[in-house]
Structures are given as structure tokens and as C-alpha cells.
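K.L.:
Before I ask anything, let me first share the structure, which is written out below as C-alpha cells.
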Amino acid sequence: MAILSPRHRRSAAISVAAIAGTAAAGVCLAVGGASAGTVSGSLYRDPSSAVVRWVAANPGDSRAAVIRDKIASQPQARWFANFNPSTVQSEVSGFVGAANAAQQIPVLSVYEITNRDCGGASAGGAPDLNQYQTWVSNFARGLGNQTVIIILETDSLALQTCLSGGEISARNQALTTATQTIKSANPNAKAYLDGGHSTWNSAGEQANRLRAAGVQYADGFFTNVSNFNSTSGEANFGRAVISALAGMGIPGKRQVIDTSRNGGASGDWCADDNSDRRIGMYPTTNTGDGNIDAYLWVKPPGEADGCRYTAGSFQPDLAYSLANGAPNPPTTAPPTTTPPTTAPPTTTPPTTAPPTTTPPTTAPPTTAPPTTTPPTGNGCSASVAVNQWSGGFTASVTVTAGSADINGWTVTITLPGGAAVTGAWNAQASGSSGTVRFTNVGYNGHVGAHQSTNFGFQGTGTGPGATATCAAG
């Protein structure tokens, strides 16, 4: 994915110095004990993302453990960037259905607006706005009825230099209609419009653009997608935008921030040539800030910006540079979303990618929901969700403590005949076929009472059933 024309972004109305704290401070911002905003629950990790597939295919690479533990283990946005009106509904339904089965919240980045990126490195999108609305309508029909997060059209409002006044008005109407279509199809969808970032347009200007594009029908706005501004700087900018919107008679809007690459220096726009970048805060809806619904990884860490490598290609050296030296991810609390009442459809998932890239073809998710009941006493339980495709699978395992804290755990899983484990993340595997034991790594061995942590593995053949045994200690 290219960085969405940040070269345009450097003509900022606010100087970097005026708003910046250090990006490292953004990494260390405290997260309160309770969720804030209006979104609550665990975010969905796509088991077929480019980084997950690279880790599974390169278990002997010296960089694999760091990339596995600090990037592949984390939820990231799935980009819907191909103009495919005949298949987008089934593709969305497959992705959302897998997240629903895992009782987690998927993040979908819609990048299909006509004349996107002003014809620059990320050019593409629907041929015209009428066809755009057809695509959005089909997209919305696949969203189901549970909580989903929609990042709607990065750069569509912050970057308008190539549009005439009439074209801006038409785009604003298209975004308003798209937001209403999504919210009508799934009232539990959380939709966010383009807020640019803190070193681009002023807060007042961005608020004006959001109002013109129908933010009153959305849940709020997103900032910092594909960029490197500190979390603290983005939060300050977001508060200014929220205040400006309230002054326009549009109160109660909230922000989400892309923290996928803002844990290091801000510097030059292109991450391909910088070694001082780091992943930022890990994705979460538990922000501790009433103005911020989530910190998300919208831009997948490790995907190139296009100045050194092919835009959108996954580059392990970039991923390793971003992850090396970053703190370990926290253990996660159990999902709080309502489980689905019907099984998700098994569909062919999208061949999507972030902007300016030819995306990888991913396998159809066939995730089964966890079936193991958490323990009522001391000890732990484990539940398994499997994504199967022809010849292979990935498995996501949730380890849940009972009524007392545990310090260390071992999960035992029996594989069907002919199946073999080829890689694991957030756990150490003992054995590769038959009965395989997975033990915690250093940072996720301690699990609080009634809390959970996650690990995963990939293999060849047919994945295991949705049962596993867990032993504490």
C-alpha cells in the first residue's frame, strides 16, 4: 500500500512543531482500566493476512519470531479496494461472518471512491459515483447485524486539490449517502469519515469538510491512516475537530486513530527508507479516552509505501524494523460482543488490498465459534476457531483462566491424521503432528482470573476440531 499521497499532506495548515509530542510518548500513553467511547470488545485478527501467511511460510527466518509476536498476532484492517460489485457482498459477508463466529469486531477499510487519491499513486476506485453507490449498497448488504468498524474512504476529504467545486459537492453527497446506506443496512455498524491528520488541514477546515460530507450521520472520523504522527498529537487534533463540530451543531462525534506506524520518529513520509519507524500502540477499543473509540492498525505494518519496494507488497525487513525494539503486546481480555445466532456463510473472501497494490488472494474463512466453557475453579480452558482452505488451515486459540490467576499454561490439541503444524505465534509448539502441545511465551504466561490470552498456529492438511485441553502452570 502506498502512503496515500502524503506528499500532498506536507502542505500542512498546522506545523509539526505546533502539535507534536514525541511519537515514543504516543506508545507509552496510559490506557485506562475501562473502555471509553461507544465501541467495546475484542478486535478481529484476520488469519489470512499477508503477514500471517509470510510467518507461516518462513518459520526459519531469523526475523520471524519478532514479526509473529508483535505484528502477525494483532488485529488489522481488511481493505476493500477493488471495484467488484458482483462479488463484494459475499466477500464482506465471509469476512464479517468469520469475525462474528470468533465473537470479535472486524475492521473494514473502504477505499473505492471515484477519482481516489486525485489520480496519484493510489488511483482507482469506482468509474463514476452512480456505480460507486451500487458497490456501496452491495458492500453494506454483507455487513450482518453485529458491531463492525468501517473506515470510509481514506483521503476523500483531506485531499481535494484535484476536484472542482461541483465535484467536491458530488463527492460529499456520495459519502453522505454511503454512510446512510451502511448505517441502514447494519444499525450496529460504526462508520467513520476521513479526518486527515494533525499536520495536514487545520481542525476547523477538516470539521467543515466532515460536516459537508454528512458526519452527522456517522459515528465520527478517523485520523493518521498510513502516517506517523504521534498518538498524543492526533488526540489533541481530534479534540479540536470534535469541538469545532459541536460548535456547528454536530455534538457527540468521536475519533479513531491509526497507530500502526507511529511509535517512532515522524520524519519523511516514506517508511520504505526509514529505520526509525516503530509500531505504535497495539490495536484496542479500550482507549481510556471518551473522545476516542479505538486505536486501530488500519495500515498493515510491513506493507511498502512504494518509494523503494512495490507499493502494498509485504516486506519482512520493513515489518522487522517496525517491530524490533517495540514493547510486547498485552494479553487480551475475553470478547464482550454478543455471539452470533447463525453460522457465518462460507464464501470466497475478497482479493483486496490497501491502496495502490495488487492484493493477495486469500482463502475462504470457515471459522467455527469457540465451544469450550471457561473453567469455574482454578486452572484454565482453551477454545479453538479454525479457518480451513484447500490443503491448509490456521487456528486461533483462546486460553481463559478460571477463578484464580494462572502463571503459565499448556494447551494440548490433537490433529487429524495427515495434518501438521508449520508455524505458531504467541506460543511455543512441541511436536508438529498427532498430539501437539503449545506453551506460553514469556509475556503471556500470566493470565488474570476470568481473563484471556490468545495464540495461533498454521498447518497443512485438515485443521483440528474445536476442542482442546488446557493445564495451568
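The way I read the labels, and the way they are meant: chains A, B, ... in the order of the C-alpha cells, residue 1 as the first residue of every chain, and ligand 1 as the first ligand shown, with later ones counted on from there.
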For range 210-224 of chain A, list every protein, DNA or RNA residue within 7 Å, evaluated using only C-alpha atoms, and leave out those in the same chain fewer than 4 positions away; present the list as a PyMOL selection string.
P.N.:
chain A and resi 172-173+175-176+179-180+190-197+206+228-229+250+253-258
K.L.:
Just list as a list in words whatever in range 231-262 of chain A DSSP marks as alpha helix (DSSP H).
P.N.:
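Output for range 231-262 of chain A, alpha helix (DSSP H) only: Thr231, Ser232, Gly233, Glu234, Ala235, Asn236, Phe237, Gly238, Arg239, Ala240, Val241, Ile242, Ser243, Ala244, Leu245, Ala246 and Gly247 of chain A.
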K.L.:
Take the residues that were just selected and, keeping all heavy atoms, output them as a short mmCIF file (atom, residue, chain, number, x, y, z; two decimals), in the first residue's frame.
P.N.:
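Resulting contents of result21.cif:
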```
data_model
loop_
_atom_site.label_atom_id
_atom_site.label_comp_id
_atom_site.auth_asym_id
_atom_site.auth_seq_id
_atom_site.Cartn_x
_atom_site.Cartn_y
_atom_site.Cartn_z
N THR A 231 0.44 9.62 18.73
CA THR A 231 -0.92 9.42 19.22
C THR A 231 -1.40 10.64 20.01
O THR A 231 -2.55 11.06 19.88
CB THR A 231 -0.98 8.16 20.10
OG1 THR A 231 -0.55 7.04 19.33
CG2 THR A 231 -2.39 7.90 20.60
N SER A 232 -0.51 11.21 20.82
CA SER A 232 -0.90 12.39 21.60
C SER A 232 -1.25 13.56 20.69
O SER A 232 -2.23 14.28 20.93
CB SER A 232 0.21 12.77 22.57
OG SER A 232 1.43 13.04 21.89
N GLY A 233 -0.46 13.77 19.62
CA GLY A 233 -0.76 14.84 18.69
C GLY A 233 -2.07 14.63 17.97
O GLY A 233 -2.85 15.56 17.76
N GLU A 234 -2.34 13.37 17.57
CA GLU A 234 -3.61 13.07 16.90
C GLU A 234 -4.79 13.24 17.84
O GLU A 234 -5.86 13.71 17.44
CB GLU A 234 -3.57 11.65 16.35
CG GLU A 234 -2.63 11.47 15.18
CD GLU A 234 -2.96 12.38 14.01
OE1 GLU A 234 -4.08 12.28 13.47
OE2 GLU A 234 -2.10 13.21 13.65
N ALA A 235 -4.62 12.85 19.11
CA ALA A 235 -5.71 13.02 20.08
C ALA A 235 -6.02 14.50 20.29
O ALA A 235 -7.19 14.90 20.38
CB ALA A 235 -5.34 12.35 21.39
N ASN A 236 -4.99 15.33 20.38
CA ASN A 236 -5.21 16.77 20.52
C ASN A 236 -5.93 17.33 19.30
O ASN A 236 -6.86 18.15 19.42
CB ASN A 236 -3.87 17.49 20.71
CG ASN A 236 -3.26 17.22 22.07
OD1 ASN A 236 -3.95 16.87 23.02
ND2 ASN A 236 -1.94 17.36 22.17
N PHE A 237 -5.49 16.91 18.12
CA PHE A 237 -6.15 17.34 16.89
C PHE A 237 -7.61 16.89 16.88
O PHE A 237 -8.52 17.65 16.53
CB PHE A 237 -5.39 16.77 15.69
CG PHE A 237 -6.03 17.04 14.36
CD1 PHE A 237 -6.06 18.32 13.82
CD2 PHE A 237 -6.59 16.00 13.62
CE1 PHE A 237 -6.63 18.56 12.58
CE2 PHE A 237 -7.16 16.23 12.39
CZ PHE A 237 -7.19 17.51 11.85
N GLY A 238 -7.83 15.63 17.26
CA GLY A 238 -9.19 15.11 17.28
C GLY A 238 -10.11 15.89 18.20
O GLY A 238 -11.27 16.17 17.87
N ARG A 239 -9.60 16.26 19.38
CA ARG A 239 -10.42 17.06 20.29
C ARG A 239 -10.79 18.40 19.68
O ARG A 239 -11.92 18.90 19.86
CB ARG A 239 -9.68 17.25 21.62
CG ARG A 239 -9.72 16.03 22.53
CD ARG A 239 -9.16 16.34 23.91
NE ARG A 239 -7.71 16.46 23.91
CZ ARG A 239 -6.89 15.43 24.09
NH1 ARG A 239 -7.38 14.21 24.27
NH2 ARG A 239 -5.58 15.61 24.11
N ALA A 240 -9.86 18.99 18.94
CA ALA A 240 -10.15 20.27 18.29
C ALA A 240 -11.20 20.10 17.20
O ALA A 240 -12.10 20.95 17.04
CB ALA A 240 -8.87 20.86 17.70
N VAL A 241 -11.14 19.01 16.45
CA VAL A 241 -12.16 18.75 15.42
C VAL A 241 -13.51 18.51 16.07
O VAL A 241 -14.55 19.04 15.62
CB VAL A 241 -11.75 17.55 14.55
CG1 VAL A 241 -12.88 17.17 13.59
CG2 VAL A 241 -10.48 17.86 13.77
N ILE A 242 -13.54 17.71 17.14
CA ILE A 242 -14.79 17.42 17.83
C ILE A 242 -15.41 18.70 18.37
O ILE A 242 -16.62 18.92 18.28
CB ILE A 242 -14.54 16.40 18.96
CG1 ILE A 242 -14.23 15.03 18.37
CG2 ILE A 242 -15.74 16.32 19.91
CD1 ILE A 242 -13.68 14.03 19.37
N SER A 243 -14.57 19.57 18.94
CA SER A 243 -15.07 20.84 19.46
C SER A 243 -15.62 21.71 18.34
O SER A 243 -16.68 22.34 18.50
CB SER A 243 -13.93 21.57 20.18
OG SER A 243 -14.35 22.84 20.64
N ALA A 244 -14.93 21.73 17.21
CA ALA A 244 -15.41 22.53 16.07
C ALA A 244 -16.74 21.99 15.55
O ALA A 244 -17.65 22.77 15.22
CB ALA A 244 -14.36 22.54 14.96
N LEU A 245 -16.87 20.68 15.47
CA LEU A 245 -18.14 20.09 15.03
C LEU A 245 -19.27 20.42 16.00
O LEU A 245 -20.39 20.74 15.59
CB LEU A 245 -18.00 18.58 14.89
CG LEU A 245 -17.16 18.08 13.71
CD1 LEU A 245 -16.92 16.57 13.82
CD2 LEU A 245 -17.83 18.41 12.38
N ALA A 246 -18.98 20.35 17.30
CA ALA A 246 -20.00 20.68 18.29
C ALA A 246 -20.46 22.13 18.13
O ALA A 246 -21.65 22.44 18.27
CB ALA A 246 -19.46 20.44 19.70
N GLY A 247 -19.49 23.01 17.82
CA GLY A 247 -19.85 24.40 17.59
C GLY A 247 -20.70 24.61 16.35
O GLY A 247 -21.34 25.66 16.21
#
```
K.L.:
Between A:Val421, A:Val397, A:Val441, A:Ala101, single out the one closest to Ala56 in chain A, counting only C-alpha atoms.
P.N.:
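Ranking A:Val421, A:Val397, A:Val441, A:Ala101 by distance to Ala56 in chain A, first place goes to A:Val421.
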K.L.:
Write out as a PyMOL selection string all residues of range 412-451 of chain A that backbone DSSP assigns to strand (DSSP E).
P.N.:
chain A and resi 412-414+420-425+427-430+435-440+446-447
K.L.:
Could you check which of A:Thr154, A:Gln146, A:Asn227, A:Asp128 is closest to Asp305 in chain A, using only C-alpha atoms?
P.N.:
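Using only C-alpha atoms, the shortest distance to Asp305 in chain A belongs to A:Asn227.
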K.L.:
So how far away is CA of Ala424 in chain A from CA of Ala471 in chain A, in Å?
P.N.:
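Distance between the two atoms: 18.6 Å.
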K.L.:
I'd like the contact shell of range 399-410 of chain A - 6 Å cut-off, only C-alpha atoms, skipping same-chain residues fewer than 6 positions apart - returned as a list in words.
P.N.:
Pro375, Thr376, Gly377, Asn378, Gly379, Cys380, Ser381, Ala382, Phe438, Thr439, Asn440, Gly445, His446, Val447, Gly448, Ala449, His450, Gln451, Ser452, Thr453, Cys470, Ala471, Ala472 and Gly473 of chain A
K.L.:
Restricted to N, CA and C atoms, what would the selected residues look like written as a PDB file, in the first residue's frame?
P.N.:
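Done, and the output landed in again39.pdb:
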```
ATOM      1  N   PRO A 375     -13.426 -22.288  32.672  1.00  0.00           N
ATOM      2  CA  PRO A 375     -13.440 -23.043  33.926  1.00  0.00           C
ATOM      3  C   PRO A 375     -14.062 -22.233  35.041  1.00  0.00           C
ATOM      4  N   THR A 376     -14.662 -22.932  36.015  1.00  0.00           N
ATOM      5  CA  THR A 376     -15.272 -22.256  37.149  1.00  0.00           C
ATOM      6  C   THR A 376     -14.335 -22.214  38.349  1.00  0.00           C
ATOM      7  N   GLY A 377     -13.305 -23.045  38.390  1.00  0.00           N
ATOM      8  CA  GLY A 377     -12.364 -23.058  39.505  1.00  0.00           C
ATOM      9  C   GLY A 377     -10.991 -22.629  39.054  1.00  0.00           C
ATOM     10  N   ASN A 378      -9.970 -23.088  39.773  1.00  0.00           N
ATOM     11  CA  ASN A 378      -8.611 -22.804  39.358  1.00  0.00           C
ATOM     12  C   ASN A 378      -8.317 -23.530  38.049  1.00  0.00           C
ATOM     13  N   GLY A 379      -7.276 -23.120  37.357  1.00  0.00           N
ATOM     14  CA  GLY A 379      -6.940 -23.770  36.106  1.00  0.00           C
ATOM     15  C   GLY A 379      -7.320 -22.907  34.927  1.00  0.00           C
ATOM     16  N   CYS A 380      -7.444 -23.553  33.762  1.00  0.00           N
ATOM     17  CA  CYS A 380      -7.710 -22.804  32.537  1.00  0.00           C
ATOM     18  C   CYS A 380      -8.474 -23.679  31.557  1.00  0.00           C
ATOM     19  N   SER A 381      -9.063 -23.037  30.568  1.00  0.00           N
ATOM     20  CA  SER A 381      -9.701 -23.742  29.458  1.00  0.00           C
ATOM     21  C   SER A 381      -9.187 -23.146  28.161  1.00  0.00           C
ATOM     22  N   ALA A 382      -9.413 -23.862  27.068  1.00  0.00           N
ATOM     23  CA  ALA A 382      -8.975 -23.382  25.756  1.00  0.00           C
ATOM     24  C   ALA A 382     -10.052 -23.666  24.731  1.00  0.00           C
ATOM     25  N   PHE A 438       1.173 -26.762  23.107  1.00  0.00           N
ATOM     26  CA  PHE A 438       1.545 -25.359  22.950  1.00  0.00           C
ATOM     27  C   PHE A 438       1.698 -24.749  24.342  1.00  0.00           C
ATOM     28  N   THR A 439       2.848 -24.139  24.600  1.00  0.00           N
ATOM     29  CA  THR A 439       3.084 -23.489  25.884  1.00  0.00           C
ATOM     30  C   THR A 439       3.258 -21.992  25.686  1.00  0.00           C
ATOM     31  N   ASN A 440       2.973 -21.257  26.744  1.00  0.00           N
ATOM     32  CA  ASN A 440       3.043 -19.800  26.662  1.00  0.00           C
ATOM     33  C   ASN A 440       4.461 -19.327  26.388  1.00  0.00           C
ATOM     34  N   GLY A 445       2.239 -15.624  29.805  1.00  0.00           N
ATOM     35  CA  GLY A 445       2.014 -16.737  30.707  1.00  0.00           C
ATOM     36  C   GLY A 445       1.103 -16.392  31.867  1.00  0.00           C
ATOM     37  N   HIS A 446       1.168 -15.155  32.324  1.00  0.00           N
ATOM     38  CA  HIS A 446       0.291 -14.733  33.418  1.00  0.00           C
ATOM     39  C   HIS A 446      -1.044 -14.272  32.839  1.00  0.00           C
ATOM     40  N   VAL A 447      -2.125 -14.914  33.275  1.00  0.00           N
ATOM     41  CA  VAL A 447      -3.470 -14.557  32.841  1.00  0.00           C
ATOM     42  C   VAL A 447      -4.308 -14.362  34.094  1.00  0.00           C
ATOM     43  N   GLY A 448      -4.929 -13.196  34.214  1.00  0.00           N
ATOM     44  CA  GLY A 448      -5.735 -12.902  35.385  1.00  0.00           C
ATOM     45  C   GLY A 448      -6.993 -13.745  35.445  1.00  0.00           C
ATOM     46  N   ALA A 449      -7.559 -13.836  36.630  1.00  0.00           N
ATOM     47  CA  ALA A 449      -8.781 -14.616  36.824  1.00  0.00           C
ATOM     48  C   ALA A 449      -9.862 -14.162  35.852  1.00  0.00           C
ATOM     49  N   HIS A 450     -10.441 -15.141  35.166  1.00  0.00           N
ATOM     50  CA  HIS A 450     -11.521 -14.924  34.186  1.00  0.00           C
ATOM     51  C   HIS A 450     -11.076 -14.071  32.994  1.00  0.00           C
ATOM     52  N   GLN A 451      -9.779 -13.891  32.824  1.00  0.00           N
ATOM     53  CA  GLN A 451      -9.253 -13.163  31.679  1.00  0.00           C
ATOM     54  C   GLN A 451      -8.738 -14.154  30.638  1.00  0.00           C
ATOM     55  N   SER A 452      -8.374 -13.631  29.474  1.00  0.00           N
ATOM     56  CA  SER A 452      -7.955 -14.499  28.372  1.00  0.00           C
ATOM     57  C   SER A 452      -6.715 -13.970  27.686  1.00  0.00           C
ATOM     58  N   THR A 453      -6.023 -14.852  27.010  1.00  0.00           N
ATOM     59  CA  THR A 453      -4.962 -14.503  26.087  1.00  0.00           C
ATOM     60  C   THR A 453      -5.134 -15.380  24.857  1.00  0.00           C
ATOM     61  N   CYS A 470      -6.475 -27.615  28.458  1.00  0.00           N
ATOM     62  CA  CYS A 470      -5.551 -26.605  28.972  1.00  0.00           C
ATOM     63  C   CYS A 470      -5.139 -27.000  30.382  1.00  0.00           C
ATOM     64  N   ALA A 471      -3.859 -26.883  30.667  1.00  0.00           N
ATOM     65  CA  ALA A 471      -3.327 -27.112  32.003  1.00  0.00           C
ATOM     66  C   ALA A 471      -2.569 -25.879  32.458  1.00  0.00           C
ATOM     67  N   ALA A 472      -2.840 -25.427  33.662  1.00  0.00           N
ATOM     68  CA  ALA A 472      -2.176 -24.250  34.193  1.00  0.00           C
ATOM     69  C   ALA A 472      -0.846 -24.626  34.821  1.00  0.00           C
ATOM     70  N   GLY A 473       0.086 -23.679  34.829  1.00  0.00           N
ATOM     71  CA  GLY A 473       1.366 -23.898  35.473  1.00  0.00           C
ATOM     72  C   GLY A 473       2.415 -24.457  34.567  1.00  0.00           C
TER      73      GLY A 473
END
```
K.L.:
Between CA of Thr394 in chain A and CA of Leu43 in chain A, measure the distance and give it in Å to one decimal.
P.N.:
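Calculated distance between CA of Thr394 in chain A and CA of Leu43 in chain A is 17.5 Å.
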K.L.:
Considering only C-alpha atoms, can you say which of A:Pro47, A:Gly142, A:Gly302, A:Gly434 comes closest to Ser93 in chain A?
P.N.:
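Checking each of A:Pro47, A:Gly142, A:Gly302, A:Gly434 against Ser93 in chain A, counting only C-alpha atoms, the winner is A:Gly142.
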K.L.:
Return the single residue from A:Glu167, A:Asp155, A:Glu91, A:Ser430 that is closest to Asn201 in chain A, with distances computed using only C-alpha atoms.
P.N.:
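Under the stated criterion, the closest residue is A:Asp155.
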K.L.:
With only C-alpha atoms as the atoms that count, which of A:Ser122, A:Ser198, A:Leu143, A:Asp117 lies nearest to Gln160 in chain A?
P.N.:
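Between A:Ser122, A:Ser198, A:Leu143, A:Asp117, the residue approaching Gln160 in chain A most closely is A:Asp117.
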K.L.:
As an exercise, work out the distance from CA of Asn130 in chain A to CA of Ser156 in chain A in Å and give it to one decimal place.
P.N.:
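Result for CA of Asn130 in chain A versus CA of Ser156 in chain A: 16.5 Å, one decimal.
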K.L.:
Using only C-alpha atoms, find the one residue out of A:Phe393, A:Asn138, A:Ala185, A:Thr199 that sits nearest to Leu415 in chain A.
P.N.:
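Going through A:Phe393, A:Asn138, A:Ala185, A:Thr199 one by one, the smallest distance to Leu415 in chain A is for A:Phe393.
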